[in-house]
>>> print(open('target-v4.cif').read())   # mmCIF, C-alpha atoms
data_final
#
loop_
_atom_site.label_atom_id
_atom_site.label_comp_id
_atom_site.auth_asym_id
_atom_site.auth_seq_id
_atom_site.Cartn_x
_atom_site.Cartn_y
_atom_site.Cartn_z
CA MET C 1 -34.17 -10.77 -14.62
CA LEU C 2 -31.21 -8.76 -15.90
CA ILE C 3 -29.58 -6.40 -13.39
CA GLU C 4 -27.18 -3.72 -14.63
CA ILE C 5 -23.83 -3.14 -12.92
CA LYS C 6 -22.57 0.41 -13.39
CA VAL C 7 -19.16 2.00 -12.98
CA PRO C 8 -18.96 3.73 -9.56
CA ILE C 9 -18.02 7.41 -9.27
CA PRO C 10 -14.43 7.69 -7.91
CA GLY C 11 -14.56 11.48 -7.47
CA GLU C 12 -16.30 14.64 -8.57
CA SER C 13 -13.81 15.58 -11.30
CA ILE C 14 -13.47 12.08 -12.79
CA THR C 15 -15.55 11.25 -15.89
CA HIS C 16 -13.73 8.16 -17.24
CA VAL C 17 -11.79 5.26 -15.72
CA ILE C 18 -9.93 2.19 -16.96
CA LEU C 19 -11.37 -1.28 -16.41
CA SER C 20 -8.01 -2.54 -15.17
CA LYS C 21 -8.87 -6.07 -14.06
CA ILE C 22 -11.79 -8.48 -14.40
CA LEU C 23 -11.88 -10.76 -11.39
CA VAL C 24 -14.47 -13.34 -12.53
CA GLY C 25 -14.98 -15.22 -15.75
CA ASN C 26 -17.39 -13.83 -18.32
CA GLY C 27 -20.51 -15.96 -18.14
CA SER C 28 -19.67 -17.42 -14.74
CA ILE C 29 -22.05 -17.71 -11.80
CA ILE C 30 -21.36 -15.20 -9.05
CA GLU C 31 -22.74 -14.58 -5.59
CA LYS C 32 -24.16 -11.37 -4.20
CA ASP C 33 -21.53 -8.81 -3.05
CA ALA C 34 -18.78 -10.64 -4.98
CA GLU C 35 -15.96 -8.42 -6.28
CA ILE C 36 -16.16 -8.69 -10.04
CA ALA C 37 -13.67 -6.10 -11.33
CA GLU C 38 -11.28 -3.27 -10.51
CA ILE C 39 -11.17 0.20 -12.03
CA ASP C 40 -8.25 2.63 -12.12
CA SER C 41 -8.55 6.39 -11.98
CA ASP C 42 -5.90 9.04 -11.49
CA LYS C 43 -6.75 9.08 -7.77
CA ALA C 44 -7.34 5.49 -6.70
CA THR C 45 -8.03 1.87 -7.59
CA LEU C 46 -11.56 0.82 -6.66
CA SER C 47 -13.43 -2.48 -6.72
CA ILE C 48 -16.79 -3.09 -8.37
CA THR C 49 -19.10 -5.44 -6.49
CA ALA C 50 -22.22 -7.24 -7.64
CA GLU C 51 -25.43 -6.19 -5.92
CA VAL C 52 -27.08 -9.52 -6.79
CA GLY C 53 -26.04 -13.06 -7.59
CA GLY C 54 -26.44 -14.83 -10.92
CA LYS C 55 -24.77 -15.24 -14.32
CA ILE C 56 -22.55 -12.29 -15.23
CA SER C 57 -21.93 -10.93 -18.71
CA PHE C 58 -19.37 -8.18 -19.26
CA LEU C 59 -20.00 -5.44 -21.80
CA ALA C 60 -16.38 -4.24 -21.69
CA LYS C 61 -13.01 -5.95 -21.58
CA GLU C 62 -9.85 -5.39 -19.56
CA GLY C 63 -8.03 -2.22 -20.54
CA ASP C 64 -11.11 -0.46 -21.89
CA VAL C 65 -11.74 3.17 -20.98
CA VAL C 66 -15.29 3.36 -19.64
CA ALA C 67 -17.43 6.32 -18.61
CA VAL C 68 -18.40 6.80 -15.00
CA SER C 69 -21.94 5.50 -14.31
CA SER C 70 -21.95 3.52 -17.57
CA ILE C 71 -23.04 -0.12 -17.63
CA VAL C 72 -20.03 -2.40 -17.42
CA ALA C 73 -21.82 -5.74 -16.95
CA THR C 74 -25.21 -7.37 -16.46
CA VAL C 75 -26.23 -10.14 -14.07
CA ASP C 76 -29.00 -12.63 -14.93
CA THR C 77 -30.55 -13.44 -11.55
CA ASP C 78 -32.38 -16.48 -13.00
CA PHE C 79 -29.08 -18.34 -12.64
CA LYS C 80 -28.72 -17.72 -8.88
CA GLN C 81 -29.63 -21.27 -7.94
CA VAL C 82 -26.96 -22.70 -10.21
CA ALA C 83 -24.19 -21.16 -8.06
CA SER C 84 -24.76 -23.39 -5.04
CA ILE C 85 -24.85 -26.52 -7.20
CA THR C 86 -21.62 -25.50 -8.97
CA ASN C 87 -19.88 -24.80 -5.67
CA ASN C 88 -20.87 -28.20 -4.29
CA LEU C 89 -19.48 -29.90 -7.39
CA ASN C 90 -16.23 -27.95 -7.20
CA ASN C 91 -15.76 -28.79 -3.52
CA ASP C 92 -16.31 -32.53 -4.10
CA SER C 93 -12.92 -33.91 -5.12
CA SER C 94 -14.41 -37.33 -5.86
CA THR C 95 -16.74 -35.95 -8.54
CA GLU C 96 -15.43 -35.73 -12.07
CA LYS C 97 -15.38 -32.08 -13.11
CA PRO C 98 -15.92 -30.94 -16.69
CA ALA C 99 -12.81 -29.58 -18.36
CA GLU C 100 -12.37 -26.06 -19.68
CA THR C 101 -15.46 -24.64 -17.90
CA LYS C 102 -13.96 -22.11 -15.53
CA GLU C 103 -10.70 -20.19 -15.31
CA ILE C 104 -8.75 -19.83 -12.08
CA ILE C 105 -6.70 -16.65 -11.75
CA ILE C 106 -3.28 -17.12 -10.19
CA ASN C 107 -0.88 -14.28 -9.52
CA LYS C 108 2.44 -14.47 -11.28
CA GLU C 109 5.61 -13.07 -9.75
CA ASP C 110 5.57 -10.14 -12.17
CA ILE C 111 1.96 -9.30 -11.09
CA SER C 112 0.54 -10.22 -14.53
CA GLU C 113 -2.15 -12.88 -14.76
CA ILE C 114 -1.92 -16.57 -15.65
CA GLN C 115 -5.21 -18.27 -16.50
CA VAL C 116 -5.35 -21.93 -15.48
CA THR C 117 -8.11 -24.40 -16.20
CA PRO C 118 -9.28 -26.74 -13.41
CA LEU C 119 -7.86 -29.89 -15.03
CA ALA C 120 -4.51 -28.20 -15.57
CA GLN C 121 -4.52 -26.98 -11.98
CA ARG C 122 -5.10 -30.48 -10.58
CA MET C 123 -2.41 -31.92 -12.84
CA MET C 124 0.14 -29.29 -11.68
CA GLU C 125 -0.70 -29.96 -8.04
CA LYS C 126 -0.22 -33.70 -8.61
CA GLU C 127 3.16 -33.16 -10.32
CA ASP C 128 4.20 -30.47 -7.78
CA ILE C 129 4.86 -27.76 -10.37
CA SER C 130 3.70 -24.14 -10.38
CA ALA C 131 1.81 -22.13 -12.97
CA HIS C 132 4.69 -19.65 -13.06
CA GLU C 133 7.13 -22.46 -13.90
CA VAL C 134 4.97 -23.65 -16.81
CA ASP C 135 4.34 -20.11 -18.04
CA LEU C 136 8.06 -19.25 -18.05
CA TYR C 137 8.61 -22.12 -20.48
CA LEU C 138 5.52 -21.83 -22.68
CA GLN C 139 5.24 -18.02 -22.65
CA ASN C 140 1.46 -18.35 -22.71
CA ARG C 141 -0.87 -16.78 -20.16
CA LYS C 142 -3.52 -19.47 -20.48
CA ILE C 143 -2.50 -22.92 -19.25
CA THR C 144 -4.59 -25.93 -20.25
CA LYS C 145 -4.28 -29.64 -19.53
CA GLU C 146 -2.61 -30.17 -22.93
CA LYS C 147 0.00 -27.50 -22.25
CA VAL C 148 0.89 -28.99 -18.88
CA GLU C 149 1.32 -32.36 -20.62
CA GLN C 150 3.57 -30.68 -23.20
CA TYR C 151 5.64 -29.11 -20.44
CA LEU C 152 6.02 -32.43 -18.60
CA THR C 153 6.99 -34.22 -21.82
CA ASP C 154 9.69 -31.66 -22.63
CA LYS C 155 10.87 -31.63 -19.03
CA ASN C 156 11.30 -35.40 -18.99
CA SER C 157 13.20 -35.25 -22.28
CA ASP C 158 15.51 -32.47 -21.01
CA ASN C 159 14.21 -29.97 -23.55
CA ILE C 160 13.30 -27.33 -20.94
CA ILE C 161 14.89 -23.93 -21.45
CA THR C 162 15.98 -22.50 -18.10
CA PRO C 163 14.55 -19.06 -17.22
CA LYS C 164 17.99 -17.46 -17.23
CA ASN C 165 18.21 -18.02 -20.99
CA LEU C 166 14.91 -16.28 -21.74
CA ARG C 167 14.92 -12.71 -23.04
CA ASN C 168 11.46 -11.43 -22.16
CA HIS C 169 10.16 -7.97 -22.89
CA ASP C 170 6.87 -6.60 -21.66
CA GLU C 171 5.17 -3.30 -22.38
CA LYS C 172 2.05 -2.00 -20.70
CA LYS C 173 0.38 1.36 -20.48
CA MET C 174 0.90 3.42 -17.36
CA SER C 175 -2.10 3.33 -15.05
CA PRO C 176 -3.91 6.63 -14.40
CA LEU C 177 -2.71 6.46 -10.79
CA ARG C 178 0.92 6.12 -11.92
CA GLN C 179 0.49 8.92 -14.48
CA LYS C 180 -0.96 11.25 -11.86
CA LEU C 181 1.84 10.38 -9.44
CA ALA C 182 4.44 11.16 -12.11
CA GLN C 183 2.85 14.54 -12.82
CA ARG C 184 2.73 15.44 -9.13
CA LEU C 185 6.38 14.51 -8.56
CA VAL C 186 7.54 16.66 -11.48
CA SER C 187 5.39 19.59 -10.34
CA VAL C 188 6.89 19.41 -6.83
CA LYS C 189 10.40 19.56 -8.28
CA ASN C 190 9.56 22.52 -10.49
CA GLU C 191 7.25 24.52 -8.23
CA THR C 192 8.78 24.30 -4.74
CA ALA C 193 12.05 25.36 -3.15
CA MET C 194 12.66 21.94 -1.64
CA LEU C 195 15.54 21.37 0.75
CA THR C 196 16.35 18.42 3.02
CA THR C 197 17.87 18.40 6.50
CA PHE C 198 19.16 15.26 8.21
CA ASN C 199 19.68 13.92 11.71
CA GLU C 200 20.26 10.53 13.32
CA ILE C 201 18.36 8.85 16.14
CA ASP C 202 19.55 6.36 18.73
CA MET C 203 16.76 3.78 18.62
CA SER C 204 17.85 1.95 21.81
CA ALA C 205 15.05 3.32 24.01
CA VAL C 206 12.14 2.53 21.68
CA MET C 207 13.61 -0.88 20.81
CA GLU C 208 13.77 -1.67 24.53
CA LEU C 209 10.21 -0.38 24.89
CA ARG C 210 9.01 -2.72 22.15
CA LYS C 211 10.93 -5.65 23.60
CA ASN C 212 9.40 -5.23 27.05
CA SER C 213 5.86 -4.19 26.10
CA ASN C 214 5.04 -5.60 22.68
CA GLU C 215 3.46 -8.85 23.90
CA ALA C 216 1.16 -7.11 26.38
CA PHE C 217 0.40 -4.41 23.80
CA LYS C 218 -0.55 -7.03 21.22
CA GLN C 219 -2.75 -8.95 23.63
CA LYS C 220 -4.69 -5.82 24.60
CA HIS C 221 -4.95 -4.05 21.25
CA GLY C 222 -4.66 -6.88 18.72
CA VAL C 223 -1.69 -5.34 16.88
CA SER C 224 2.06 -5.25 17.40
CA LEU C 225 3.73 -2.05 18.55
CA GLY C 226 5.54 -0.56 15.56
CA TYR C 227 7.89 2.35 15.01
CA MET C 228 5.48 4.24 12.73
CA SER C 229 2.98 4.87 15.53
CA LEU C 230 5.73 6.20 17.82
CA PHE C 231 7.08 8.47 15.09
CA SER C 232 3.56 9.64 14.24
CA LYS C 233 2.98 10.65 17.87
CA ALA C 234 6.37 12.36 18.04
CA VAL C 235 5.62 14.28 14.83
CA SER C 236 2.21 15.40 16.13
CA ILE C 237 3.89 16.86 19.23
CA ALA C 238 6.76 18.50 17.33
CA LEU C 239 4.34 20.12 14.87
CA GLN C 240 2.58 21.83 17.78
CA HIS C 241 5.91 23.44 18.71
CA PHE C 242 6.87 24.27 15.10
CA PRO C 243 3.55 25.17 13.41
CA MET C 244 5.14 26.49 10.20
CA VAL C 245 6.14 22.91 9.36
CA ASN C 246 2.40 22.15 9.52
CA SER C 247 1.53 24.90 7.02
CA GLN C 248 0.66 25.12 3.33
CA ILE C 249 0.82 27.79 0.64
CA ASN C 250 -2.63 28.65 -0.70
CA GLU C 251 -2.06 31.01 -3.65
CA ASP C 252 -0.73 34.17 -1.93
CA GLU C 253 -1.71 33.07 1.58
CA ILE C 254 -0.23 30.68 4.15
CA SER C 255 -2.60 28.24 5.85
CA THR C 256 -1.43 27.02 9.25
CA PHE C 257 -3.33 24.21 10.98
CA ASP C 258 -3.89 23.70 14.70
CA TYR C 259 -4.61 20.01 14.08
CA VAL C 260 -2.32 17.29 12.73
CA ASP C 261 -3.51 15.04 9.89
CA ILE C 262 -0.64 12.73 8.96
CA SER C 263 -0.46 11.04 5.57
CA ILE C 264 1.20 7.62 5.87
CA ALA C 265 2.91 6.59 2.62
CA VAL C 266 2.07 2.99 1.69
CA SER C 267 3.60 1.19 -1.29
CA THR C 268 1.26 -1.06 -3.31
CA PRO C 269 1.64 -2.90 -6.65
CA LYS C 270 -0.48 -0.13 -8.21
CA GLY C 271 1.76 2.65 -6.88
CA LEU C 272 2.17 4.85 -3.83
CA VAL C 273 -0.93 5.72 -1.80
CA VAL C 274 -1.14 7.97 1.25
CA PRO C 275 -4.07 7.31 3.59
CA VAL C 276 -4.55 10.01 6.21
CA LEU C 277 -4.61 9.67 10.01
CA ARG C 278 -6.74 12.57 11.23
CA ASN C 279 -6.26 14.49 14.48
CA VAL C 280 -3.20 12.49 15.48
CA GLU C 281 -2.50 15.02 18.24
CA GLN C 282 -5.60 13.64 20.02
CA MET C 283 -4.86 9.96 19.45
CA LYS C 284 -3.18 7.45 21.73
CA ILE C 285 -0.33 5.36 20.35
CA SER C 286 -2.56 2.27 20.43
CA GLN C 287 -5.21 4.06 18.35
CA ILE C 288 -2.57 5.16 15.85
CA GLU C 289 -1.21 1.62 15.53
CA VAL C 290 -4.65 0.08 14.97
CA SER C 291 -5.47 2.71 12.32
CA ILE C 292 -2.18 2.16 10.50
CA LYS C 293 -2.80 -1.58 10.32
CA GLU C 294 -6.31 -1.03 8.97
CA PHE C 295 -4.97 1.33 6.31
CA ALA C 296 -2.21 -1.10 5.29
CA THR C 297 -4.74 -3.92 4.89
CA LYS C 298 -7.09 -1.76 2.84
CA ALA C 299 -4.21 -0.54 0.65
CA ARG C 300 -3.12 -4.09 -0.18
CA GLU C 301 -6.71 -5.00 -1.07
CA ASN C 302 -7.36 -1.78 -3.05
CA LYS C 303 -10.18 -0.84 -0.69
CA LEU C 304 -9.09 2.61 0.40
CA SER C 305 -11.76 5.24 -0.24
CA LEU C 306 -10.99 8.65 -1.70
CA ASP C 307 -11.99 10.32 1.57
CA GLU C 308 -9.36 8.25 3.39
CA MET C 309 -6.64 9.54 1.03
CA GLN C 310 -7.63 13.20 0.79
CA GLY C 311 -6.30 15.99 2.97
CA GLY C 312 -3.29 15.60 5.23
CA THR C 313 -1.07 18.33 6.64
CA PHE C 314 2.18 16.34 6.90
CA THR C 315 3.53 13.05 5.50
CA ILE C 316 5.71 10.26 6.90
CA THR C 317 7.38 7.70 4.64
CA ASN C 318 9.49 4.75 5.74
CA GLY C 319 12.08 3.68 3.19
CA GLY C 320 13.69 1.57 5.89
CA VAL C 321 11.26 -1.28 5.22
CA PHE C 322 13.01 -1.68 1.84
CA GLY C 323 16.50 -1.35 3.33
CA SER C 324 17.13 2.32 2.51
CA LEU C 325 19.89 3.84 4.65
CA MET C 326 19.32 7.46 3.63
CA SER C 327 17.19 9.35 1.12
CA THR C 328 15.68 12.75 0.34
CA PRO C 329 11.91 12.16 0.36
CA ILE C 330 9.86 14.35 -1.96
CA ILE C 331 7.11 16.61 -0.61
CA ASN C 332 3.50 15.48 -0.97
CA PRO C 333 1.71 18.60 -2.33
CA PRO C 334 0.08 20.80 -1.21
CA GLN C 335 1.86 19.94 2.04
CA SER C 336 5.13 21.68 2.85
CA ALA C 337 7.13 18.96 4.58
CA ILE C 338 7.70 15.20 4.74
CA LEU C 339 9.62 13.04 7.22
CA GLY C 340 11.66 10.12 5.89
CA MET C 341 12.45 7.18 8.17
CA HIS C 342 15.20 4.73 7.22
CA ASN C 343 16.83 1.43 8.05
CA ILE C 344 18.11 0.77 11.57
CA LEU C 345 21.75 -0.33 11.66
CA GLU C 346 24.19 -0.80 14.51
CA ARG C 347 26.93 1.82 14.26
CA PRO C 348 29.72 3.06 16.53
CA ILE C 349 28.95 6.44 18.12
CA ALA C 350 30.62 8.59 20.75
CA LEU C 351 28.68 8.58 24.04
CA ASN C 352 30.03 10.19 27.23
CA GLY C 353 33.58 10.03 25.92
CA GLN C 354 33.28 6.35 24.97
CA VAL C 355 32.83 4.64 21.61
CA VAL C 356 29.76 2.42 21.85
CA ILE C 357 27.62 0.44 19.43
CA ARG C 358 24.03 1.65 19.10
CA PRO C 359 21.11 0.90 16.74
CA MET C 360 20.94 4.11 14.72
CA MET C 361 18.47 5.48 12.19
CA TYR C 362 19.04 8.38 9.82
CA VAL C 363 15.98 10.62 9.47
CA ALA C 364 15.38 13.24 6.80
CA LEU C 365 13.02 16.20 6.62
CA SER C 366 12.33 17.57 3.16
CA TYR C 367 10.59 20.95 3.31
CA ASP C 368 9.49 23.87 1.17
CA HIS C 369 11.93 26.65 1.97
CA ARG C 370 9.48 29.25 0.67
CA ILE C 371 7.56 29.13 3.96
CA ILE C 372 9.69 27.00 6.31
CA ASP C 373 12.95 28.52 7.53
CA GLY C 374 16.01 26.53 8.51
CA ARG C 375 15.43 27.26 12.20
CA ASP C 376 12.00 25.62 12.13
CA SER C 377 13.01 22.65 10.00
CA VAL C 378 16.11 21.82 12.02
CA GLY C 379 14.35 22.48 15.34
CA PHE C 380 11.43 20.26 14.34
CA LEU C 381 13.66 17.33 13.34
CA LYS C 382 15.78 17.74 16.48
CA MET C 383 12.64 17.55 18.63
CA VAL C 384 11.48 14.38 16.87
CA LYS C 385 14.90 12.90 17.62
CA GLU C 386 14.67 13.84 21.30
CA LEU C 387 11.16 12.40 21.65
CA ILE C 388 12.11 9.06 20.11
CA GLU C 389 15.29 8.83 22.18
CA ASN C 390 13.26 9.65 25.32
CA PRO C 391 9.83 8.11 24.60
CA ILE C 392 8.50 8.93 28.09
CA GLN C 393 8.28 12.52 26.81
CA LEU C 394 5.58 11.39 24.38
CA LEU C 395 3.34 11.42 27.45
CA THR C 396 4.43 14.89 28.53
CA GLU C 397 4.06 16.60 25.14
CA GLY C 398 7.83 16.94 24.80
CA LYS C 399 8.47 18.44 28.20
CA ASN C 400 11.09 17.16 30.63
CA LEU C 401 9.47 14.72 33.07
CA MET C 402 10.79 16.57 36.15
CA ASP C 403 9.68 19.91 34.73
CA THR C 404 6.20 18.46 34.25
CA LEU C 405 6.21 17.10 37.78
CA LEU C 406 7.22 20.50 39.19
CA ASP C 407 4.90 22.40 36.81
CA LEU C 408 7.81 24.38 35.40
#
>>> encode(input="target-v4.cif", output="structure tokens")
Amino acid sequence: MLIEIKVPIPGESITHVILSKILVGNGSIIEKDAEIAEIDSDKATLSITAEVGGKISFLAKEGDVVAVSSIVATVDTDFKQVASITNNLNNDSSTEKPAETKEIIINKEDISEIQVTPLAQRMMEKEDISAHEVDLYLQNRKITKEKVEQYLTDKNSDNIITPKNLRNHDEKKMSPLRQKLAQRLVSVKNETAMLTTFNEIDMSAVMELRKNSNEAFKQKHGVSLGYMSLFSKAVSIALQHFPMVNSQINEDEISTFDYVDISIAVSTPKGLVVPVLRNVEQMKISQIEVSIKEFATKARENKLSLDEMQGGTFTITNGGVFGSLMSTPIINPPQSAILGMHNILERPIALNGQVVIRPMMYVALSYDHRIIDGRDSVGFLKMVKELIENPIQLLTEGKNLMDTLLDL
């Protein structure tokens, strides 16, 4: 029986997508719920899964533009039983395997694909060489047993050209996600009055907190205590005190929210995605941390849904993970502000008349000056600084602990 596999609907306004990657060989035997391909739209990268097992035949090839709900492949379920036999043969190293029957996909350092046959793979493992090493020399994305033999022959005769002497050039079309991101960035520059204000935070207190509590935190909640969850909580509190920073322009009106939905910027090979933590003002730090880890995992595996990336009233981005010391983050429309975290470096500062060394982080708040005044932007960032430098105040909603105790 032939079962049709159709292109899923990424969103209401999307009619066509790009078949960006085929994850299984055409004509191969697949199992039920196997991921067979990825599609790119201007909003997200989504996976296509097989509802049944059997022999798959693709009706489109990588790079094709396909209509939403169109048939992209068929699965012949009469071949379901063959899968288990094939798997048993592949797992038995003592059984001779037929050559050139199945392609193994291996990720190259530049994210492109190298196709390797089983015999070639076993030969490379035996000789302790990588597919990337062979591909750099041969400049061919399909590696067979004969090509590995050619590489080994040239290597033994000192005919190998070292990678530094290669002059490679690669061109590929921008993905819909990257195109949409480019359009949004340009529109922000042209359509907002964006300014950035800076401050610096002494990270000593939260670093000490992590040092003393991280092990117990990890044992109880299954994740490590990170800075992003602490900053997210601090932002949710500060936004309650400075609501204009949590506002958006809607044509000729200003929408101000009494809840905090924070978009967390996550970098992926496909581009920047921003999953949304909803109602952060009601969440505990442990809940925030668990949610951030789940989002990061989904982002790496291209499994974020559109619902998880839509909305958001404020954004946090952390350039510090890449070593950035200072930057001016760009607003994520239609939001009006974004907080940029940066690298933590030990620097000399003046403290109580003394010069001391402290782990310091520069923070930046980019904001739309059309609706956020300097008083609110500076006051908001100053409050985030105070909350991080005195993390006990994260429990008291930014109030002094003694004032809370005395109900002042």
>>> resolve_selection(input="target-v4.cif", expression="the PyMOL selection byres ((chain C and resi 388) around 8)", output="list in words")
Ile201, Met203, Ala205, Val206, Leu230, Phe231, Ala234, Val384, Lys385, Glu386, Leu387, Glu389, Asn390 and Pro391 of chain C
>>> write_last_selection(input="target-v4.cif", atoms="C-alpha atoms", output="PDB file, keeping the file's coordinate frame")
ATOM      1  CA  ILE C 201      18.360   8.850  16.140  1.00  0.00           C
ATOM      2  CA  MET C 203      16.760   3.780  18.620  1.00  0.00           C
ATOM      3  CA  ALA C 205      15.050   3.320  24.010  1.00  0.00           C
ATOM      4  CA  VAL C 206      12.140   2.530  21.680  1.00  0.00           C
ATOM      5  CA  LEU C 230       5.730   6.200  17.820  1.00  0.00           C
ATOM      6  CA  PHE C 231       7.080   8.470  15.090  1.00  0.00           C
ATOM      7  CA  ALA C 234       6.370  12.360  18.040  1.00  0.00           C
ATOM      8  CA  VAL C 384      11.480  14.380  16.870  1.00  0.00           C
ATOM      9  CA  LYS C 385      14.900  12.900  17.620  1.00  0.00           C
ATOM     10  CA  GLU C 386      14.670  13.840  21.300  1.00  0.00           C
ATOM     11  CA  LEU C 387      11.160  12.400  21.650  1.00  0.00           C
ATOM     12  CA  GLU C 389      15.290   8.830  22.180  1.00  0.00           C
ATOM     13  CA  ASN C 390      13.260   9.650  25.320  1.00  0.00           C
ATOM     14  CA  PRO C 391       9.830   8.110  24.600  1.00  0.00           C
TER      15      PRO C 391
END
>>> residues_around(input="target-v4.cif", residues="Val235 (chain C)", least_positions_apart="5", cutoff="10 Å", atoms="only C-alpha atoms", output="PyMOL selection string")
chain C and resi 229-230+240-241+260+262+280-281+314-316+339+380-381+383-385+387-388+394
>>> write_last_selection(input="target-v4.cif", atoms="C-alpha atoms", output="tab-separated table (two decimals), keeping the file's coordinate frame")
chain	number	residue	atom	x	y	z
C	229	SER	CA	2.98	4.87	15.53
C	230	LEU	CA	5.73	6.20	17.82
C	240	GLN	CA	2.58	21.83	17.78
C	241	HIS	CA	5.91	23.44	18.71
C	260	VAL	CA	-2.32	17.29	12.73
C	262	ILE	CA	-0.64	12.73	8.96
C	280	VAL	CA	-3.20	12.49	15.48
C	281	GLU	CA	-2.50	15.02	18.24
C	314	PHE	CA	2.18	16.34	6.90
C	315	THR	CA	3.53	13.05	5.50
C	316	ILE	CA	5.71	10.26	6.90
C	339	LEU	CA	9.62	13.04	7.22
C	380	PHE	CA	11.43	20.26	14.34
C	381	LEU	CA	13.66	17.33	13.34
C	383	MET	CA	12.64	17.55	18.63
C	384	VAL	CA	11.48	14.38	16.87
C	385	LYS	CA	14.90	12.90	17.62
C	387	LEU	CA	11.16	12.40	21.65
C	388	ILE	CA	12.11	9.06	20.11
C	394	LEU	CA	5.58	11.39	24.38
>>> atom_distance(input="target-v4.cif", atom1="CA of Val276 (chain C)", atom2="CA of Ala44 (chain C)")
14.0 Å
>>> atom_distance(input="target-v4.cif", atom1="CA of Ile3 (chain C)", atom2="CA of Ser175 (chain C)")
29.2 Å
>>> closest_residue(input="target-v4.cif", among="C:Ala34, C:Ser324, C:Gly353, C:Ser305", to="Pro8 (chain C)", atoms="only C-alpha atoms")
C:Ser305
